[in-house]
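Source file: query05.cif. Holds: mmCIF, C-alpha atoms.
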```cif
data_start
#
loop_
_atom_site.label_atom_id
_atom_site.label_comp_id
_atom_site.auth_asym_id
_atom_site.auth_seq_id
_atom_site.Cartn_x
_atom_site.Cartn_y
_atom_site.Cartn_z
CA MET A 1 -24.50 28.70 24.96
CA ASN A 2 -26.13 25.25 25.07
CA GLU A 3 -25.31 22.74 27.77
CA ILE A 4 -22.96 20.51 25.71
CA LYS A 5 -21.06 23.51 24.39
CA GLU A 6 -20.68 24.87 27.93
CA GLN A 7 -19.42 21.52 29.20
CA PHE A 8 -16.88 21.34 26.37
CA LYS A 9 -15.70 24.85 27.25
CA ASP A 10 -15.23 23.87 30.90
CA TRP A 11 -13.31 20.74 29.84
CA LEU A 12 -10.97 22.81 27.65
CA LEU A 13 -10.30 25.21 30.51
CA LYS A 14 -9.45 22.28 32.78
CA GLN A 15 -6.91 21.15 30.16
CA GLY A 16 -5.06 24.41 30.80
CA LEU A 17 -6.15 26.20 27.62
CA ALA A 18 -6.71 29.93 27.74
CA GLU A 19 -10.09 31.57 27.20
CA ARG A 20 -8.61 35.03 26.64
CA THR A 21 -5.27 36.43 25.51
CA LYS A 22 -3.35 38.81 27.75
CA SER A 23 -4.87 41.69 25.81
CA GLY A 24 -8.39 40.38 26.50
CA ASN A 25 -9.15 38.97 23.03
CA PRO A 26 -10.76 35.53 22.55
CA SER A 27 -8.09 32.80 22.60
CA THR A 28 -7.70 29.02 22.09
CA VAL A 29 -10.86 27.91 23.86
CA TYR A 30 -12.95 30.31 21.77
CA ASP A 31 -11.27 29.08 18.55
CA TYR A 32 -12.04 25.43 19.38
CA ILE A 33 -15.69 26.17 20.14
CA LYS A 34 -16.04 28.24 16.96
CA SER A 35 -14.46 25.46 14.88
CA ILE A 36 -16.68 22.76 16.37
CA ASN A 37 -19.73 24.89 15.68
CA LYS A 38 -18.68 25.09 12.00
CA VAL A 39 -18.25 21.31 11.88
CA CYS A 40 -21.73 20.87 13.34
CA LEU A 41 -23.33 23.22 10.82
CA LYS A 42 -21.67 21.40 7.93
CA SER A 43 -22.54 17.92 9.14
CA PHE A 44 -26.07 18.15 10.58
CA ASN A 45 -29.30 19.88 9.62
CA SER A 46 -30.77 20.86 13.00
CA ASN A 47 -30.90 23.76 15.43
CA GLU A 48 -27.78 24.76 17.37
CA LYS A 49 -28.54 22.68 20.44
CA GLU A 50 -29.38 19.58 18.42
CA ILE A 51 -26.35 19.73 16.11
CA TRP A 52 -24.00 19.66 19.10
CA ARG A 53 -25.88 16.67 20.47
CA GLU A 54 -25.72 14.95 17.05
CA LEU A 55 -21.99 15.56 16.84
CA SER A 56 -21.57 14.03 20.29
CA GLU A 57 -23.29 10.89 19.01
CA ASN A 58 -21.41 10.84 15.67
CA THR A 59 -17.99 12.27 16.42
CA TYR A 60 -16.23 9.19 15.06
CA PRO A 61 -17.56 9.28 11.45
CA VAL A 62 -17.14 13.08 11.29
CA LEU A 63 -13.57 12.71 12.50
CA VAL A 64 -12.88 10.03 9.88
CA LYS A 65 -14.23 12.37 7.17
CA TYR A 66 -11.81 15.12 8.17
CA PHE A 67 -8.89 12.70 8.26
CA GLU A 68 -9.89 11.40 4.82
CA LEU A 69 -10.12 14.90 3.33
CA SER A 70 -6.64 15.54 4.72
CA ASN A 71 -5.30 12.89 2.31
CA LYS A 72 -5.84 15.54 -0.39
CA GLU A 73 -5.73 13.37 -3.54
CA TYR A 74 -5.34 9.93 -5.07
CA PHE A 75 -4.16 8.68 -8.46
CA PHE A 76 -5.66 5.32 -9.48
CA ASP A 77 -4.21 3.25 -12.30
CA ALA A 78 -5.71 -0.01 -13.57
CA ILE A 79 -4.01 -1.98 -10.77
CA SER A 80 -4.21 0.33 -7.76
CA ILE A 81 -7.88 1.10 -8.41
CA ARG A 82 -8.68 -2.40 -7.21
CA TYR A 83 -7.63 -1.53 -3.67
CA GLY A 84 -9.06 1.97 -4.07
CA LEU A 85 -12.54 0.61 -4.72
CA PHE A 86 -12.56 -1.45 -1.55
CA TYR A 87 -11.14 1.43 0.46
CA LEU A 88 -13.58 4.07 -0.80
CA ARG A 89 -16.54 1.81 -0.25
CA GLU A 90 -15.52 1.13 3.37
CA ILE A 91 -14.71 4.75 4.17
CA THR A 92 -17.74 6.41 2.58
CA ASN A 93 -20.14 3.82 4.02
CA PHE A 94 -18.73 4.48 7.46
CA ILE A 95 -18.72 8.28 7.18
CA TYR A 96 -22.23 8.61 5.83
CA SER A 97 -23.99 6.39 8.29
CA ARG A 98 -25.81 9.52 9.58
CA LEU A 99 -24.22 12.60 8.04
CA LYS A 100 -26.19 14.79 5.67
CA GLU A 101 -25.13 14.92 2.03
CA GLU A 102 -25.72 18.62 1.28
CA ASP A 103 -22.37 19.72 2.73
CA ILE A 104 -20.72 21.82 0.01
CA ALA A 105 -17.33 21.14 1.63
CA ASP A 106 -17.72 17.53 0.54
CA ASP A 107 -17.34 18.40 -3.16
CA VAL A 108 -14.72 16.17 -4.80
CA SER A 109 -13.14 16.85 -8.20
CA LEU A 110 -12.47 14.01 -10.63
CA TYR A 111 -9.90 14.26 -13.42
CA LEU A 112 -8.61 12.06 -16.22
CA ASN A 113 -4.83 12.16 -15.85
CA PHE A 114 -2.80 11.68 -19.03
CA ASN A 115 0.84 12.58 -19.61
CA GLU A 116 0.87 14.44 -16.27
CA GLN A 117 -2.00 16.65 -17.37
CA ASN A 118 -5.35 16.67 -15.58
CA TYR A 119 -8.51 16.83 -17.68
CA PRO A 120 -11.56 17.77 -15.52
CA ILE A 121 -14.40 15.25 -15.66
CA CYS A 122 -16.85 16.45 -13.03
CA THR A 123 -17.39 17.49 -9.41
CA ILE A 124 -19.26 15.09 -7.17
CA LYS A 125 -20.17 14.54 -3.53
CA LEU A 126 -17.84 12.56 -1.31
CA ARG A 127 -20.78 10.28 -0.57
CA ASP A 128 -20.86 9.20 -4.24
CA LEU A 129 -17.11 8.85 -4.74
CA PHE A 130 -17.08 5.05 -4.56
CA GLN A 131 -19.84 4.79 -7.17
CA TYR A 132 -18.14 7.16 -9.62
CA THR A 133 -14.81 5.38 -9.16
CA LEU A 134 -16.61 2.13 -9.90
CA LEU A 135 -18.10 3.66 -13.04
CA PHE A 136 -14.67 4.93 -14.17
CA ASP A 137 -13.19 1.47 -13.64
CA SER A 138 -15.95 -0.04 -15.77
CA LEU A 139 -15.79 2.50 -18.61
CA VAL A 140 -12.05 3.17 -18.88
CA TYR A 141 -10.37 0.03 -17.55
CA GLU A 142 -13.19 -2.19 -18.87
CA HIS A 143 -13.60 -4.22 -15.70
CA ASN A 144 -17.01 -5.78 -15.39
CA GLN A 145 -18.49 -4.01 -12.35
CA SER A 146 -22.00 -5.05 -11.35
CA GLY A 147 -22.64 -2.82 -8.33
CA ILE A 148 -23.11 0.58 -9.98
CA THR A 149 -26.22 2.28 -8.56
CA LEU A 150 -25.84 5.76 -10.10
CA SER A 151 -28.84 7.07 -12.01
CA ARG A 152 -29.02 6.87 -15.77
CA LYS A 153 -28.58 10.65 -15.99
CA GLN A 154 -25.44 10.56 -13.81
CA ARG A 155 -23.95 7.79 -15.91
CA GLU A 156 -24.69 9.49 -19.22
CA GLU A 157 -23.25 12.84 -18.10
CA PHE A 158 -20.11 11.15 -16.81
CA LEU A 159 -19.69 9.13 -20.02
CA SER A 160 -20.26 12.20 -22.17
CA HIS A 161 -17.45 14.11 -20.44
CA LEU A 162 -15.13 11.13 -20.64
CA ASP A 163 -15.86 10.49 -24.31
CA ASP A 164 -14.98 14.03 -25.28
CA MET A 165 -11.64 13.93 -23.49
CA ILE A 166 -10.67 10.44 -24.59
CA HIS A 167 -11.47 10.88 -28.28
CA ASN A 168 -10.25 14.47 -28.63
CA SER A 169 -7.21 14.61 -26.35
CA ILE A 170 -5.94 11.08 -25.73
CA LEU A 171 -6.71 8.58 -28.48
CA PRO A 172 -4.97 10.69 -31.14
CA SER A 173 -1.76 10.14 -29.15
CA ILE A 174 -2.09 6.48 -28.15
CA GLY A 175 -4.21 5.04 -30.96
CA LYS A 176 -6.30 2.20 -29.55
CA PHE A 177 -8.89 2.37 -26.77
CA LYS A 178 -7.49 -0.87 -25.35
CA ALA A 179 -4.25 0.98 -24.58
CA LEU A 180 -6.00 3.43 -22.24
CA LYS A 181 -5.34 1.33 -19.15
CA HIS A 182 -1.60 1.73 -19.73
CA HIS A 183 -1.73 5.52 -20.19
CA VAL A 184 -4.42 7.11 -18.04
CA MET A 185 -5.28 7.39 -14.37
CA LEU A 186 -8.20 8.65 -12.35
CA ARG A 187 -7.18 11.60 -10.21
CA ILE A 188 -9.36 12.27 -7.17
CA SER A 189 -8.87 15.71 -5.63
CA TYR A 190 -10.44 16.60 -2.28
CA PRO A 191 -11.50 20.09 -1.17
CA GLN A 192 -9.18 21.86 1.22
CA CYS A 193 -9.60 20.49 4.73
CA SER A 194 -9.63 22.98 7.61
CA LYS A 195 -6.76 22.13 9.95
CA LYS A 196 -8.41 24.15 12.71
CA GLU A 197 -11.62 22.16 12.44
CA LYS A 198 -9.74 18.86 12.37
CA THR A 199 -7.67 19.77 15.44
CA ALA A 200 -10.79 20.93 17.27
CA LEU A 201 -12.54 17.65 16.36
CA ILE A 202 -9.70 15.64 17.88
CA LYS A 203 -10.09 17.67 21.07
CA TYR A 204 -13.84 17.14 21.01
CA TYR A 205 -13.44 13.40 20.57
CA ASN A 206 -11.06 13.34 23.54
CA TYR A 207 -13.70 15.22 25.54
CA ILE A 208 -16.45 12.77 24.58
CA ASN A 209 -14.22 9.68 24.98
CA PRO A 210 -11.67 10.38 27.73
CA GLY A 211 -8.66 8.09 27.77
CA GLN A 212 -8.99 6.95 24.13
CA ASN A 213 -6.27 7.66 21.59
CA VAL A 214 -7.86 9.01 18.40
CA LEU A 215 -5.01 7.69 16.25
CA THR A 216 -5.66 4.09 17.31
CA LEU A 217 -9.31 4.09 16.23
CA PRO A 218 -9.62 1.41 13.51
CA MET A 219 -11.12 3.64 10.79
CA VAL A 220 -8.80 6.55 11.58
CA GLU A 221 -5.86 4.18 11.39
CA MET A 222 -7.14 2.86 8.06
CA VAL A 223 -7.39 6.40 6.65
CA ARG A 224 -3.94 7.36 7.92
CA LYS A 225 -1.93 4.21 7.21
CA ASN A 226 -3.88 2.07 4.75
CA ASN A 227 -5.23 4.62 2.33
CA PRO A 228 -4.60 3.96 -1.40
CA ASN A 229 -1.48 6.14 -1.43
CA ASN A 230 0.09 3.78 1.10
CA LYS A 231 -1.11 0.53 -0.47
CA VAL A 232 0.98 0.57 -3.63
CA GLY A 233 3.42 -2.23 -2.96
CA GLY A 234 3.66 -4.58 -0.02
CA ASN A 235 0.54 -6.45 -1.12
CA TYR A 236 2.04 -9.93 -1.02
CA ILE A 237 2.58 -12.62 1.56
CA ILE A 238 5.23 -15.32 1.86
CA THR A 239 3.53 -18.68 1.40
CA CYS A 240 6.77 -20.66 1.64
CA ASN A 241 9.81 -19.12 3.28
CA ILE A 242 13.31 -19.72 1.98
CA SER A 243 14.96 -22.74 3.61
CA GLY A 244 17.54 -25.36 2.79
CA LYS A 245 14.77 -27.39 1.11
CA HIS A 246 12.49 -24.87 -0.56
CA PRO A 247 12.73 -21.58 -2.47
CA LEU A 248 10.89 -18.49 -1.32
CA GLN A 249 7.35 -18.39 -2.76
CA LEU A 250 4.80 -15.58 -2.72
CA ASP A 251 1.10 -14.94 -3.23
CA LEU A 252 -1.36 -12.04 -3.08
CA ASP A 253 -2.03 -10.92 0.48
CA PRO A 254 -5.69 -11.82 1.14
CA HIS A 255 -5.85 -8.95 3.66
CA SER A 256 -4.66 -6.31 1.18
CA ASN A 257 -8.11 -6.24 -0.52
CA LEU A 258 -6.54 -6.34 -3.96
CA GLU A 259 -8.75 -9.32 -4.65
CA SER A 260 -12.02 -8.04 -6.04
CA TYR A 261 -14.70 -7.08 -3.54
CA ASP A 262 -17.30 -8.14 -6.11
CA ASP A 263 -17.71 -11.69 -7.43
CA ASN A 264 -18.59 -10.34 -10.87
CA ALA A 265 -15.73 -7.85 -11.15
CA ASP A 266 -12.53 -8.10 -13.17
CA LYS A 267 -13.83 -10.73 -15.60
CA HIS A 268 -12.31 -8.78 -18.49
CA MET A 269 -8.96 -8.51 -16.78
CA THR A 270 -6.47 -11.20 -17.77
CA ASP A 271 -5.06 -13.47 -15.08
CA GLU A 272 -1.63 -12.02 -15.74
CA ASP A 273 -2.86 -8.48 -15.12
CA GLU A 274 -4.64 -9.54 -11.94
CA ARG A 275 -1.41 -11.05 -10.64
CA CYS A 276 0.73 -8.00 -11.46
CA ILE A 277 0.87 -6.48 -7.98
CA LEU A 278 4.58 -6.31 -7.13
CA ILE A 279 6.51 -3.08 -7.62
CA LYS A 280 10.24 -2.39 -7.74
CA GLU A 281 10.24 -1.24 -4.12
CA ASP A 282 9.05 -4.72 -3.06
CA MET A 283 12.06 -6.42 -4.64
CA PRO A 284 14.89 -5.71 -2.11
CA LYS A 285 12.98 -7.52 0.64
CA ILE A 286 11.89 -10.35 -1.64
CA PHE A 287 15.41 -11.03 -2.95
CA ASP A 288 17.34 -9.84 0.12
CA VAL A 289 19.55 -7.52 -1.93
CA ALA A 290 20.31 -3.79 -1.98
CA TYR A 291 17.97 -1.56 -3.96
CA ASN A 292 20.73 -0.66 -6.41
CA SER A 293 20.99 -4.35 -7.36
CA ILE A 294 17.33 -4.71 -8.31
CA ASP A 295 17.77 -3.51 -11.90
CA GLU A 296 20.19 -6.36 -12.54
CA ILE A 297 17.64 -8.91 -11.32
CA ILE A 298 14.84 -7.30 -13.32
CA SER A 299 16.95 -7.27 -16.48
CA THR A 300 17.64 -11.00 -16.24
CA GLY A 301 14.41 -12.13 -14.61
CA GLN A 302 12.18 -11.83 -17.68
CA PHE A 303 9.23 -11.03 -15.41
CA LYS A 304 5.79 -10.49 -16.89
CA THR A 305 4.75 -6.90 -16.30
CA PHE A 306 1.90 -4.42 -16.44
CA GLN A 307 2.96 -0.94 -17.55
CA ALA A 308 0.94 1.76 -15.81
CA PRO A 309 1.51 5.50 -16.35
CA LYS A 310 3.70 6.05 -13.27
CA ARG A 311 5.11 2.61 -12.52
CA ILE A 312 5.64 -0.94 -13.67
CA TYR A 313 3.88 -3.78 -11.86
CA TYR A 314 5.45 -7.24 -11.85
CA ASN A 315 3.57 -10.51 -12.12
CA ILE A 316 3.90 -12.43 -8.87
CA ASP A 317 3.83 -15.84 -10.59
CA SER A 318 6.74 -14.96 -12.88
CA VAL A 319 8.69 -13.78 -9.81
CA ASN A 320 7.93 -17.12 -8.14
CA SER A 321 9.27 -18.92 -11.22
CA PHE A 322 12.48 -16.91 -11.01
CA LEU A 323 12.84 -17.68 -7.29
CA GLN A 324 12.39 -21.37 -8.05
CA LYS A 325 14.84 -21.34 -10.96
CA LYS A 326 17.55 -19.58 -8.97
CA PHE A 327 17.31 -21.90 -5.96
CA HIS A 328 19.72 -24.84 -6.06
CA PRO A 329 19.15 -27.44 -3.31
CA LEU A 330 21.31 -30.47 -2.78
CA LYS A 331 20.14 -33.83 -4.01
CA ASP A 332 19.14 -36.13 -1.18
CA GLU A 333 22.26 -38.27 -1.61
CA ASN A 334 24.49 -35.18 -1.26
CA LYS A 335 22.89 -33.69 1.83
CA HIS A 336 25.01 -33.49 4.96
CA LYS A 337 23.81 -35.77 7.73
CA ASN A 338 23.94 -33.31 10.61
CA VAL A 339 22.51 -30.29 8.76
CA ASP A 340 18.99 -28.98 9.44
CA TYR A 341 17.56 -28.02 6.04
CA ASP A 342 14.37 -26.62 7.57
CA GLU A 343 15.93 -23.39 8.86
CA THR A 344 13.86 -20.58 7.34
CA GLY A 345 14.77 -17.05 6.41
CA TYR A 346 17.62 -15.24 4.68
CA LYS A 347 19.53 -14.99 7.97
CA PHE A 348 20.67 -18.59 7.33
CA TRP A 349 22.34 -17.59 4.07
CA CYS A 350 25.57 -15.68 3.45
CA SER A 351 27.78 -14.26 0.73
CA ARG A 352 31.01 -15.81 -0.53
CA SER A 353 33.00 -13.13 1.30
CA TYR A 354 31.40 -13.98 4.64
CA ALA A 355 31.86 -17.71 4.01
CA LEU A 356 35.59 -17.21 3.38
CA LYS A 357 36.33 -14.95 6.34
CA GLU A 358 33.95 -16.16 9.02
CA ILE A 359 33.29 -19.86 8.33
CA LEU A 360 35.81 -21.59 6.08
CA LYS A 361 38.82 -19.28 6.62
CA ILE A 362 40.49 -20.23 3.37
CA SER A 363 41.84 -18.18 0.47
CA HIS A 364 39.45 -16.94 -2.19
CA ASN A 365 41.22 -18.85 -4.99
CA ARG A 366 40.52 -22.18 -3.26
CA PHE A 367 36.84 -21.45 -2.58
CA TYR A 368 35.36 -23.10 -5.66
CA ASP A 369 37.52 -26.18 -5.14
CA CYS A 370 35.82 -26.63 -1.78
CA VAL A 371 32.29 -25.30 -2.35
CA HIS A 372 30.09 -26.17 -5.31
CA ARG A 373 26.51 -27.16 -6.09
CA ASN A 374 27.09 -30.81 -5.25
CA ASN A 375 27.97 -30.05 -1.63
CA CYS A 376 26.33 -26.71 -0.73
CA THR A 377 22.82 -25.34 -1.22
CA GLN A 378 22.92 -22.08 -3.17
CA LEU A 379 20.96 -19.10 -4.49
CA ASP A 380 22.09 -17.14 -7.53
CA TYR A 381 19.63 -14.25 -7.90
CA LEU A 382 22.56 -12.03 -8.91
CA GLU A 383 25.06 -13.22 -11.48
CA ASN A 384 28.46 -13.99 -9.90
CA LYS A 385 27.08 -13.14 -6.44
CA PRO A 386 25.54 -16.35 -5.13
CA LYS A 387 24.47 -16.93 -1.55
CA TYR A 388 25.21 -20.08 0.39
CA TYR A 389 23.33 -22.01 3.03
CA ILE A 390 25.31 -21.40 6.22
CA SER A 391 24.64 -24.81 7.77
CA ASP A 392 26.08 -26.54 4.69
CA LEU A 393 29.18 -24.34 4.91
CA LYS A 394 29.65 -25.15 8.60
CA SER A 395 29.47 -28.84 7.76
CA LEU A 396 32.02 -28.37 4.96
CA ARG A 397 34.61 -26.58 7.10
CA ASN A 398 35.71 -29.91 8.52
CA SER A 399 35.85 -31.61 5.12
CA ARG A 400 39.18 -32.83 3.79
CA ALA A 401 39.26 -30.25 0.97
CA VAL A 402 38.66 -27.31 3.31
CA ARG A 403 41.19 -28.56 5.89
CA GLN A 404 43.85 -28.85 3.20
CA ALA A 405 43.01 -25.37 1.89
CA ARG A 406 43.32 -24.02 5.44
CA ILE A 407 46.71 -25.71 5.88
CA SER A 408 47.88 -24.20 2.58
CA ILE A 409 46.97 -20.69 3.65
CA LYS A 410 48.83 -21.17 6.94
CA LYS A 411 51.94 -22.30 5.09
CA TYR A 412 51.65 -19.32 2.73
CA ASN A 413 51.35 -16.89 5.65
CA LYS A 414 54.54 -18.29 7.19
#
```
Would you kindly transcribe this structure into structure tokens?
Amino acid sequence: MNEIKEQFKDWLLKQGLAERTKSGNPSTVYDYIKSINKVCLKSFNSNEKEIWRELSENTYPVLVKYFELSNKEYFFDAISIRYGLFYLREITNFIYSRLKEEDIADDVSLYLNFNEQNYPICTIKLRDLFQYTLLFDSLVYEHNQSGITLSRKQREEFLSHLDDMIHNSILPSIGKFKALKHHVMLRISYPQCSKKEKTALIKYYNYINPGQNVLTLPMVEMVRKNNPNNKVGGNYIITCNISGKHPLQLDLDPHSNLESYDDNADKHMTDEDERCILIKEDMPKIFDVAYNSIDEIISTGQFKTFQAPKRIYYNIDSVNSFLQKKFHPLKDENKHKNVDYDETGYKFWCSRSYALKEILKISHNRFYDCVHRNNCTQLDYLENKPKYYISDLKSLRNSRAVRQARISIKKYNK
């Protein structure tokens, strides 16, 4: 056993792991060493002593590769592929800084997904996954990608397989080639990742880097939390928060990497398509309503959309227009003198029910006599369910109309 392997064995024993079972058979320590040896053989092309040394120097990228393979598969539509391209470029560049490319376990299968059926395109190396995804984006979604470095032979073989599937199995159903982006996805399927090898790698990293938490490593965290499966939705930022003066306004999150990584990319994509990044699951937070109320907003919002095979994307600018239209501030001459209209966030807004019970304390049939758009800032995202600016309501509770309504309810209760 070489020196590094022996030291790793001693470290495992000090962690309280067993070298032998009660019956005398090899146990956990042996399994970890065996698994790490397999990882070394797959990742480096050297003798046994050297591959352990190389793993010690490159544990991080090897670990990231195993975490990435554990993600199993991705489905990229014409919108989500934009983040996928950035992600795959970053991950594969990091992994293959020193790792050899002959590893058969790196084989990745690519499919054209249509109507929930997967049509095999080809099998490639993980190292080349970004490039083939870029080529798919260019050929199928017709985005102008300038950074494709695959050989002419690789491109022609890929195009030949795609052409056969598209013209024989898909176009007869959908008609025009231009409609492909609304009907097909790229499915990326990874080879099965050995859980034993991944677990052993985590142990080996802890041995090499004592005191560090593997899960907090930036690239590991990216693979676990910010992979393309987790980046559908939530790709917006609030550029102007809701207040008594201004409606909520949104924009693309510059840190979500949905903006093209390439200056020459996406020139064939319309501005409306580029801005279609919101999904239904984003809406409850944006509008501060329950999920079961979102369909009502969507049905009346007249949002511009992009229909992908598995989901609808909503244009962020059309959502901003709706937010603006449904925000009703007071005119300057109607604003209450002691009210701060700069309070930001939905916590400063309330429903009619809350306003009646907790602030005004009047009967529901007198509410609209006392509160209207000339004296209270309002939102009406949902029909017949407006929200009211709490500070305006607090100012109104001492108005003559509200005091009289409160006196009336006291008389009625007597």
Problem - Selection under test: the PyMOL selection byres ((chain A and resi 306) around 12); residues as a ChimeraX atom specification - result: /A:77-80,179,181-183,269-279,303-305,307-316
Practice task
Do a neighbour search on Lys178 in chain A at 12 Å with all atoms listed in the file, toss out local chain neighbours closer than 2 positions, and write the hits as number ranges by chain.
Solution key: A: 78, 139-143, 166, 171, 174-176, 180-184, 268-269
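For the pair CA of Leu135 in chain A and CA of Arg155 in chain A, the interatomic distance is 7.7 Å.
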Distance cut-off 12 Å, centre (13.2, -23.4, -9.4) in file coordinates, counting only C-alpha atoms: which residues qualify? Return them as a short mmCIF file (atom, residue, chain, number, x, y, z; two decimals) with C-alpha atoms, in the coordinates of the input.
```cif
data_model
loop_
_atom_site.label_atom_id
_atom_site.label_comp_id
_atom_site.auth_asym_id
_atom_site.auth_seq_id
_atom_site.Cartn_x
_atom_site.Cartn_y
_atom_site.Cartn_z
CA ILE A 242 13.31 -19.72 1.98
CA LYS A 245 14.77 -27.39 1.11
CA HIS A 246 12.49 -24.87 -0.56
CA PRO A 247 12.73 -21.58 -2.47
CA LEU A 248 10.89 -18.49 -1.32
CA GLN A 249 7.35 -18.39 -2.76
CA SER A 318 6.74 -14.96 -12.88
CA VAL A 319 8.69 -13.78 -9.81
CA ASN A 320 7.93 -17.12 -8.14
CA SER A 321 9.27 -18.92 -11.22
CA PHE A 322 12.48 -16.91 -11.01
CA LEU A 323 12.84 -17.68 -7.29
CA GLN A 324 12.39 -21.37 -8.05
CA LYS A 325 14.84 -21.34 -10.96
CA LYS A 326 17.55 -19.58 -8.97
CA PHE A 327 17.31 -21.90 -5.96
CA HIS A 328 19.72 -24.84 -6.06
CA PRO A 329 19.15 -27.44 -3.31
CA GLN A 378 22.92 -22.08 -3.17
CA LEU A 379 20.96 -19.10 -4.49
CA ASP A 380 22.09 -17.14 -7.53
CA TYR A 381 19.63 -14.25 -7.90
#
```
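Counting only C-alpha atoms, range 284-291 of chain A has the following residues at most 8 Å away, ignoring those fewer than 3 positions along the same chain: Glu281, Ile294, Tyr346 and Tyr381 of chain A.
The closest residue to Asn45 in chain A, picked from A:Leu99, A:Ile297, A:Ala401, A:Thr344 and counting all atoms listed in the file, is A:Leu99.
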Handout entry: Selected residue of minimal separation from Glu156 in chain A among A:Gly211, A:Asp282, A:Asp137, A:Tyr132, counting all atoms listed in the file
Key = A:Tyr132
Because the input lacks atoms here, generate N, CA and C atoms for range 105-123 of chain A and report them as a short mmCIF file (atom, residue, chain, number, x, y, z; two decimals), in the frame of the given file.
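Everything below was put into selection.cif:
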```cif
data_model
loop_
_atom_site.label_atom_id
_atom_site.label_comp_id
_atom_site.auth_asym_id
_atom_site.auth_seq_id
_atom_site.Cartn_x
_atom_site.Cartn_y
_atom_site.Cartn_z
N ALA A 105 -18.75 21.42 1.40
CA ALA A 105 -17.33 21.14 1.63
C ALA A 105 -16.97 19.71 1.23
N ASP A 106 -17.98 18.91 0.95
CA ASP A 106 -17.72 17.53 0.54
C ASP A 106 -17.45 17.40 -0.96
N ASP A 107 -17.52 18.48 -1.71
CA ASP A 107 -17.34 18.40 -3.16
C ASP A 107 -15.96 17.86 -3.53
N VAL A 108 -15.95 16.84 -4.38
CA VAL A 108 -14.72 16.17 -4.80
C VAL A 108 -14.57 16.32 -6.31
N SER A 109 -13.38 16.67 -6.77
CA SER A 109 -13.14 16.85 -8.20
C SER A 109 -12.49 15.61 -8.79
N LEU A 110 -13.01 15.17 -9.92
CA LEU A 110 -12.47 14.01 -10.63
C LEU A 110 -11.81 14.47 -11.93
N TYR A 111 -10.64 13.90 -12.21
CA TYR A 111 -9.90 14.26 -13.42
C TYR A 111 -9.43 12.99 -14.13
N LEU A 112 -9.29 13.08 -15.43
CA LEU A 112 -8.61 12.06 -16.22
C LEU A 112 -7.17 12.53 -16.37
N ASN A 113 -6.24 11.78 -15.81
CA ASN A 113 -4.83 12.16 -15.85
C ASN A 113 -4.13 11.45 -17.00
N PHE A 114 -3.50 12.23 -17.87
CA PHE A 114 -2.80 11.68 -19.03
C PHE A 114 -1.57 12.53 -19.29
N ASN A 115 -0.42 11.87 -19.38
CA ASN A 115 0.84 12.58 -19.61
C ASN A 115 1.05 13.73 -18.62
N GLU A 116 0.70 13.46 -17.35
CA GLU A 116 0.87 14.44 -16.27
C GLU A 116 -0.02 15.67 -16.41
N GLN A 117 -1.01 15.59 -17.27
CA GLN A 117 -2.00 16.65 -17.37
C GLN A 117 -3.33 16.14 -16.83
N ASN A 118 -4.07 17.03 -16.17
CA ASN A 118 -5.35 16.67 -15.58
C ASN A 118 -6.50 17.27 -16.37
N TYR A 119 -7.36 16.40 -16.91
CA TYR A 119 -8.51 16.83 -17.68
C TYR A 119 -9.75 16.70 -16.79
N PRO A 120 -10.42 17.82 -16.45
CA PRO A 120 -11.56 17.77 -15.52
C PRO A 120 -12.72 16.95 -16.09
N ILE A 121 -13.22 16.04 -15.27
CA ILE A 121 -14.40 15.25 -15.66
C ILE A 121 -15.65 15.84 -15.04
N CYS A 122 -15.68 15.91 -13.70
CA CYS A 122 -16.85 16.45 -13.03
C CYS A 122 -16.54 16.66 -11.55
N THR A 123 -17.46 17.32 -10.86
CA THR A 123 -17.39 17.49 -9.41
C THR A 123 -18.55 16.74 -8.80
#
```
